[in-house]
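Encoded as structure tokens, the structure appears first; notes follow it.
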Amino acid sequence: MVLALLQAKDVRHAELAARFSGSAQTSSVIRRVERFFDRHPLCPADVARVVLALLPQTRPREFILDRTNWKYGQTDVNVLMLAVIWRGVAIPLLFELLPHGGSSDTAVRHTLMDDALCLLPASQIRVLYADREFVGHDWIQGLAQKGIPICVRLRRDTHIEEWSAQDWLGRLQTDRAGLLVEQVEVYGQPMNVVLTYTADEEALIIASNTGTVTAIQAQYRKRFRWSDPPGADQEARHFAPVSP
């Protein structure tokens, strides 16, 4: 079967059957192929384990958690995906098909991360990048308990210490591109936070419990490799350090 896959460079059963030796009829060989895949199912964890083993990049690795949702006719196709970054590309590792449209919930996310920890220890996860959907006290605290560092984009109404992120942005001076705030509490975790605006005047608030505050924005850009948010390339020297 492996030789047939390599020769055919195709996964269609008829193409695989054509590479088998012998005088059996094609329809008979196709049934053999069908039985093979029926009796030897590959689960996502098997594939993810092979992918991680083949990646030559030095460990620990960087990961992205994201979700994509579209319609197939009247049916929601909603996928929560964990990917590993390699040479600027996000390679899918594990996924969960959500039985509904819209956002994922905390329990499903933690289940996906628990599955990932069956493949590699938390010490091999340098950072997990996530968007504004992936916030909340239970989610962030759960990751911290597992030993998984996170770099996450926050919403305007997220509380940073006693103030909302929008209140912090109100302290931004007109001659500064943004604020750098070190060691403030976000969802019960001490984090470094960058607050700024994009060229479209959209708030860009990024928090991380790993790395220096000056490196957060550059690190988070890896999540937007294909479409950097406007203003994401502003240099750190234009940012003002602010005390809590």
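In the structure tokens, chains take letters A, B, ... by order of appearance, with residues numbered from 1 within each chain and ligands from 1 in the order shown.
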
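Within 9 Å of range 96-105 of chain A, once only C-alpha atoms are used and residues closer than 3 positions along the same chain are dropped, the contacting residues are Arg67, Asn69, Trp70, Lys71, Thr75, Asp76, Val77, Asn78, Val79, Leu80, Met81, Leu82, Val108, Arg109, His110, Leu112, Glu133 and Phe134 of chain A.
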
Go ahead and save the picked residues with N, CA, C and O atoms, as a PDB file, in the first residue's frame.
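See again.pdb below for the written result:
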```
ATOM      1  N   ARG A  67      -9.732  29.105  14.222  1.00  0.00           N
ATOM      2  CA  ARG A  67     -10.995  28.473  13.852  1.00  0.00           C
ATOM      3  C   ARG A  67     -11.458  29.043  12.524  1.00  0.00           C
ATOM      4  O   ARG A  67     -11.291  30.236  12.250  1.00  0.00           O
ATOM      5  N   ASN A  69     -14.869  28.902   9.756  1.00  0.00           N
ATOM      6  CA  ASN A  69     -16.293  28.569   9.692  1.00  0.00           C
ATOM      7  C   ASN A  69     -16.847  28.997   8.339  1.00  0.00           C
ATOM      8  O   ASN A  69     -16.664  30.142   7.931  1.00  0.00           O
ATOM      9  N   TRP A  70     -17.452  28.058   7.625  1.00  0.00           N
ATOM     10  CA  TRP A  70     -18.117  28.409   6.369  1.00  0.00           C
ATOM     11  C   TRP A  70     -19.342  27.529   6.204  1.00  0.00           C
ATOM     12  O   TRP A  70     -19.610  26.637   7.008  1.00  0.00           O
ATOM     13  N   LYS A  71     -20.106  27.815   5.171  1.00  0.00           N
ATOM     14  CA  LYS A  71     -21.336  27.070   4.895  1.00  0.00           C
ATOM     15  C   LYS A  71     -21.151  26.160   3.689  1.00  0.00           C
ATOM     16  O   LYS A  71     -20.576  26.557   2.674  1.00  0.00           O
ATOM     17  N   THR A  75     -25.408  23.702   5.677  1.00  0.00           N
ATOM     18  CA  THR A  75     -24.683  23.054   6.776  1.00  0.00           C
ATOM     19  C   THR A  75     -23.471  23.871   7.188  1.00  0.00           C
ATOM     20  O   THR A  75     -22.697  24.320   6.342  1.00  0.00           O
ATOM     21  N   ASP A  76     -23.306  24.065   8.493  1.00  0.00           N
ATOM     22  CA  ASP A  76     -22.117  24.740   9.011  1.00  0.00           C
ATOM     23  C   ASP A  76     -20.928  23.797   8.996  1.00  0.00           C
ATOM     24  O   ASP A  76     -21.023  22.652   9.446  1.00  0.00           O
ATOM     25  N   VAL A  77     -19.823  24.271   8.451  1.00  0.00           N
ATOM     26  CA  VAL A  77     -18.544  23.566   8.558  1.00  0.00           C
ATOM     27  C   VAL A  77     -17.659  24.442   9.444  1.00  0.00           C
ATOM     28  O   VAL A  77     -17.202  25.502   9.032  1.00  0.00           O
ATOM     29  N   ASN A  78     -17.452  24.004  10.664  1.00  0.00           N
ATOM     30  CA  ASN A  78     -16.796  24.824  11.674  1.00  0.00           C
ATOM     31  C   ASN A  78     -15.654  24.014  12.283  1.00  0.00           C
ATOM     32  O   ASN A  78     -15.890  23.013  12.956  1.00  0.00           O
ATOM     33  N   VAL A  79     -14.425  24.447  12.030  1.00  0.00           N
ATOM     34  CA  VAL A  79     -13.260  23.650  12.402  1.00  0.00           C
ATOM     35  C   VAL A  79     -12.368  24.437  13.365  1.00  0.00           C
ATOM     36  O   VAL A  79     -11.946  25.549  13.059  1.00  0.00           O
ATOM     37  N   LEU A  80     -12.107  23.859  14.514  1.00  0.00           N
ATOM     38  CA  LEU A  80     -11.126  24.392  15.458  1.00  0.00           C
ATOM     39  C   LEU A  80      -9.813  23.672  15.189  1.00  0.00           C
ATOM     40  O   LEU A  80      -9.759  22.440  15.222  1.00  0.00           O
ATOM     41  N   MET A  81      -8.752  24.434  14.915  1.00  0.00           N
ATOM     42  CA  MET A  81      -7.516  23.840  14.408  1.00  0.00           C
ATOM     43  C   MET A  81      -6.299  24.274  15.228  1.00  0.00           C
ATOM     44  O   MET A  81      -6.144  25.446  15.566  1.00  0.00           O
ATOM     45  N   LEU A  82      -5.455  23.302  15.535  1.00  0.00           N
ATOM     46  CA  LEU A  82      -4.149  23.573  16.139  1.00  0.00           C
ATOM     47  C   LEU A  82      -3.089  23.278  15.096  1.00  0.00           C
ATOM     48  O   LEU A  82      -3.057  22.187  14.520  1.00  0.00           O
ATOM     49  N   VAL A 108     -13.961  22.605  24.850  1.00  0.00           N
ATOM     50  CA  VAL A 108     -13.475  22.015  23.597  1.00  0.00           C
ATOM     51  C   VAL A 108     -12.024  22.403  23.355  1.00  0.00           C
ATOM     52  O   VAL A 108     -11.203  21.582  22.939  1.00  0.00           O
ATOM     53  N   ARG A 109     -11.682  23.647  23.618  1.00  0.00           N
ATOM     54  CA  ARG A 109     -10.299  24.099  23.429  1.00  0.00           C
ATOM     55  C   ARG A 109      -9.342  23.329  24.334  1.00  0.00           C
ATOM     56  O   ARG A 109      -8.270  22.897  23.903  1.00  0.00           O
ATOM     57  N   HIS A 110      -9.734  23.162  25.589  1.00  0.00           N
ATOM     58  CA  HIS A 110      -8.860  22.448  26.521  1.00  0.00           C
ATOM     59  C   HIS A 110      -8.720  20.984  26.120  1.00  0.00           C
ATOM     60  O   HIS A 110      -7.644  20.384  26.277  1.00  0.00           O
ATOM     61  N   LEU A 112      -8.726  19.863  23.073  1.00  0.00           N
ATOM     62  CA  LEU A 112      -7.777  19.854  21.957  1.00  0.00           C
ATOM     63  C   LEU A 112      -6.344  19.998  22.463  1.00  0.00           C
ATOM     64  O   LEU A 112      -5.431  19.302  21.992  1.00  0.00           O
ATOM     65  N   GLU A 133     -10.972  35.485  19.899  1.00  0.00           N
ATOM     66  CA  GLU A 133     -11.961  34.487  20.319  1.00  0.00           C
ATOM     67  C   GLU A 133     -11.467  33.669  21.497  1.00  0.00           C
ATOM     68  O   GLU A 133     -12.262  33.219  22.328  1.00  0.00           O
ATOM     69  N   PHE A 134     -10.159  33.492  21.597  1.00  0.00           N
ATOM     70  CA  PHE A 134      -9.589  32.551  22.550  1.00  0.00           C
ATOM     71  C   PHE A 134      -9.130  33.266  23.810  1.00  0.00           C
ATOM     72  O   PHE A 134      -7.932  33.330  24.112  1.00  0.00           O
TER      73      PHE A 134
END
```

Can you pull out every residue within 12 Å of Arg49 in chain A, counting only C-alpha atoms, but drop anything in the same chain fewer than 4 positions away, and send it as a short mmCIF file (atom, residue, chain, number, x, y, z; two decimals) with all heavy atoms, in the first residue's frame?
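This went into result_28.cif:
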```cif
data_model
loop_
_atom_site.label_atom_id
_atom_site.label_comp_id
_atom_site.auth_asym_id
_atom_site.auth_seq_id
_atom_site.Cartn_x
_atom_site.Cartn_y
_atom_site.Cartn_z
N LEU A 42 -6.50 5.64 10.25
CA LEU A 42 -5.48 6.56 10.76
C LEU A 42 -6.19 7.67 11.53
O LEU A 42 -7.00 8.41 10.95
CB LEU A 42 -4.67 7.15 9.62
CG LEU A 42 -3.74 6.20 8.87
CD1 LEU A 42 -3.11 6.91 7.67
CD2 LEU A 42 -2.66 5.67 9.79
N CYS A 43 -5.92 7.78 12.80
CA CYS A 43 -6.54 8.85 13.58
C CYS A 43 -5.67 10.10 13.49
O CYS A 43 -4.47 10.03 13.17
CB CYS A 43 -6.72 8.42 15.04
SG CYS A 43 -5.18 8.25 15.95
N PRO A 44 -6.25 11.29 13.73
CA PRO A 44 -5.47 12.53 13.63
C PRO A 44 -4.20 12.54 14.47
O PRO A 44 -3.19 13.09 14.07
CB PRO A 44 -6.47 13.59 14.11
CG PRO A 44 -7.81 13.03 13.78
CD PRO A 44 -7.67 11.54 14.01
N ALA A 45 -4.25 11.91 15.65
CA ALA A 45 -3.06 11.89 16.51
C ALA A 45 -1.91 11.13 15.87
O ALA A 45 -0.74 11.50 16.02
CB ALA A 45 -3.41 11.28 17.87
N ALA A 53 7.50 14.50 14.22
CA ALA A 53 8.77 13.76 14.14
C ALA A 53 9.57 14.15 12.91
O ALA A 53 10.81 14.11 12.92
CB ALA A 53 8.48 12.26 14.14
N LEU A 54 8.89 14.51 11.83
CA LEU A 54 9.58 14.83 10.58
C LEU A 54 10.10 16.27 10.52
O LEU A 54 10.97 16.58 9.71
CB LEU A 54 8.64 14.59 9.39
CG LEU A 54 8.28 13.12 9.11
CD1 LEU A 54 7.26 13.03 7.98
CD2 LEU A 54 9.52 12.30 8.76
N LEU A 55 9.54 17.15 11.35
CA LEU A 55 9.97 18.54 11.31
C LEU A 55 11.38 18.68 11.88
O LEU A 55 11.64 18.28 13.02
CB LEU A 55 9.02 19.42 12.11
CG LEU A 55 7.62 19.62 11.52
CD1 LEU A 55 6.79 20.52 12.44
CD2 LEU A 55 7.69 20.22 10.12
N VAL A 84 1.24 23.87 13.86
CA VAL A 84 2.60 24.15 14.27
C VAL A 84 3.26 25.02 13.20
O VAL A 84 3.03 24.83 12.00
CB VAL A 84 3.41 22.85 14.48
CG1 VAL A 84 3.46 22.00 13.22
CG2 VAL A 84 4.82 23.14 14.99
N PRO A 92 -1.22 22.11 9.86
CA PRO A 92 -2.27 21.58 10.74
C PRO A 92 -1.82 20.31 11.45
O PRO A 92 -1.20 19.43 10.84
CB PRO A 92 -3.43 21.30 9.79
CG PRO A 92 -3.18 22.18 8.61
CD PRO A 92 -1.69 22.25 8.47
N LEU A 93 -2.14 20.23 12.73
CA LEU A 93 -1.80 19.04 13.52
C LEU A 93 -3.05 18.32 14.02
O LEU A 93 -3.26 17.15 13.73
CB LEU A 93 -0.94 19.43 14.72
CG LEU A 93 0.54 19.67 14.51
CD1 LEU A 93 1.20 20.00 15.84
CD2 LEU A 93 1.21 18.45 13.88
N LEU A 94 -3.85 19.03 14.78
CA LEU A 94 -5.05 18.46 15.37
C LEU A 94 -6.23 19.38 15.10
O LEU A 94 -6.07 20.60 15.00
CB LEU A 94 -4.88 18.28 16.88
CG LEU A 94 -3.77 17.33 17.35
CD1 LEU A 94 -3.61 17.43 18.86
CD2 LEU A 94 -4.07 15.89 16.94
N ASP A 115 -5.14 16.83 24.02
CA ASP A 115 -4.73 15.88 22.97
C ASP A 115 -3.31 16.21 22.49
O ASP A 115 -2.51 15.30 22.23
CB ASP A 115 -5.70 15.95 21.78
CG ASP A 115 -7.07 15.37 22.13
OD1 ASP A 115 -7.17 14.66 23.14
OD2 ASP A 115 -8.03 15.65 21.38
N ALA A 116 -3.01 17.50 22.37
CA ALA A 116 -1.66 17.90 21.94
C ALA A 116 -0.61 17.49 22.96
O ALA A 116 0.49 17.06 22.60
CB ALA A 116 -1.61 19.42 21.72
N LEU A 117 -0.96 17.57 24.24
CA LEU A 117 -0.01 17.21 25.29
C LEU A 117 0.22 15.71 25.37
O LEU A 117 1.14 15.26 26.06
CB LEU A 117 -0.48 17.75 26.64
CG LEU A 117 -0.45 19.27 26.79
CD1 LEU A 117 -1.00 19.70 28.14
CD2 LEU A 117 0.95 19.82 26.57
N CYS A 118 -0.63 14.93 24.70
CA CYS A 118 -0.37 13.50 24.57
C CYS A 118 0.71 13.23 23.52
O CYS A 118 1.28 12.13 23.47
CB CYS A 118 -1.65 12.76 24.18
SG CYS A 118 -2.91 12.74 25.47
N LEU A 119 1.00 14.23 22.69
CA LEU A 119 1.99 14.09 21.63
C LEU A 119 3.35 14.66 22.02
O LEU A 119 4.38 14.19 21.56
CB LEU A 119 1.51 14.79 20.35
CG LEU A 119 0.16 14.35 19.79
CD1 LEU A 119 -0.20 15.23 18.59
CD2 LEU A 119 0.21 12.89 19.38
N LEU A 120 3.33 15.71 22.83
CA LEU A 120 4.57 16.36 23.24
C LEU A 120 4.35 17.03 24.58
O LEU A 120 3.23 17.44 24.91
CB LEU A 120 5.04 17.37 22.20
CG LEU A 120 4.31 18.71 22.09
CD1 LEU A 120 5.11 19.68 21.24
CD2 LEU A 120 2.92 18.58 21.52
#
```

(message) My list of candidates is A:Ser164, A:Leu5, A:Asp38, A:Leu179. Which is closest to Arg19 in chain A when distances are computed with only C-alpha atoms?
(response) A:Leu5

(message) Between CA of Ala218 in chain A and CA of Trp139 in chain A, what is the distance in Å, rounded to a tenth?
(response)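 Value for the CA of Ala218 in chain A-CA of Trp139 in chain A distance: 23.7 Å.
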
(request) Between A:Asn192, A:Thr58, A:Ser21, A:Gln124, single out the one closest to Ile216 in chain A, counting only C-alpha atoms. (result) A:Asn192

(message) Considering only alpha helix (DSSP H) as DSSP defines it on the backbone, what residues of range 72-242 of chain A qualify? List them as a count of residues only.
(response) 32

(request) Quote the spacing between CA of Met113 in chain A and CA of Phe95 in chain A in Å to one decimal place. (result)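 These atoms are spaced 10.1 Å apart.
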
(request) May I have the residues within 7 Å of range 203-208 of chain A as a PyMOL selection string, using only C-alpha atoms and disregarding those fewer than 2 positions away in the same chain? (result) chain A and resi 150-154+191-198+201+210+216

(request) Would you list, as an MDAnalysis selection string, the residues of range 50-218 of chain A that end up in strand (DSSP E or B) under DSSP run on this structure's backbone? (result) chainID A and resid 61:72 75:86 89:98 125:130 150:154 159:160 163:164 178:186 189:197 203:208
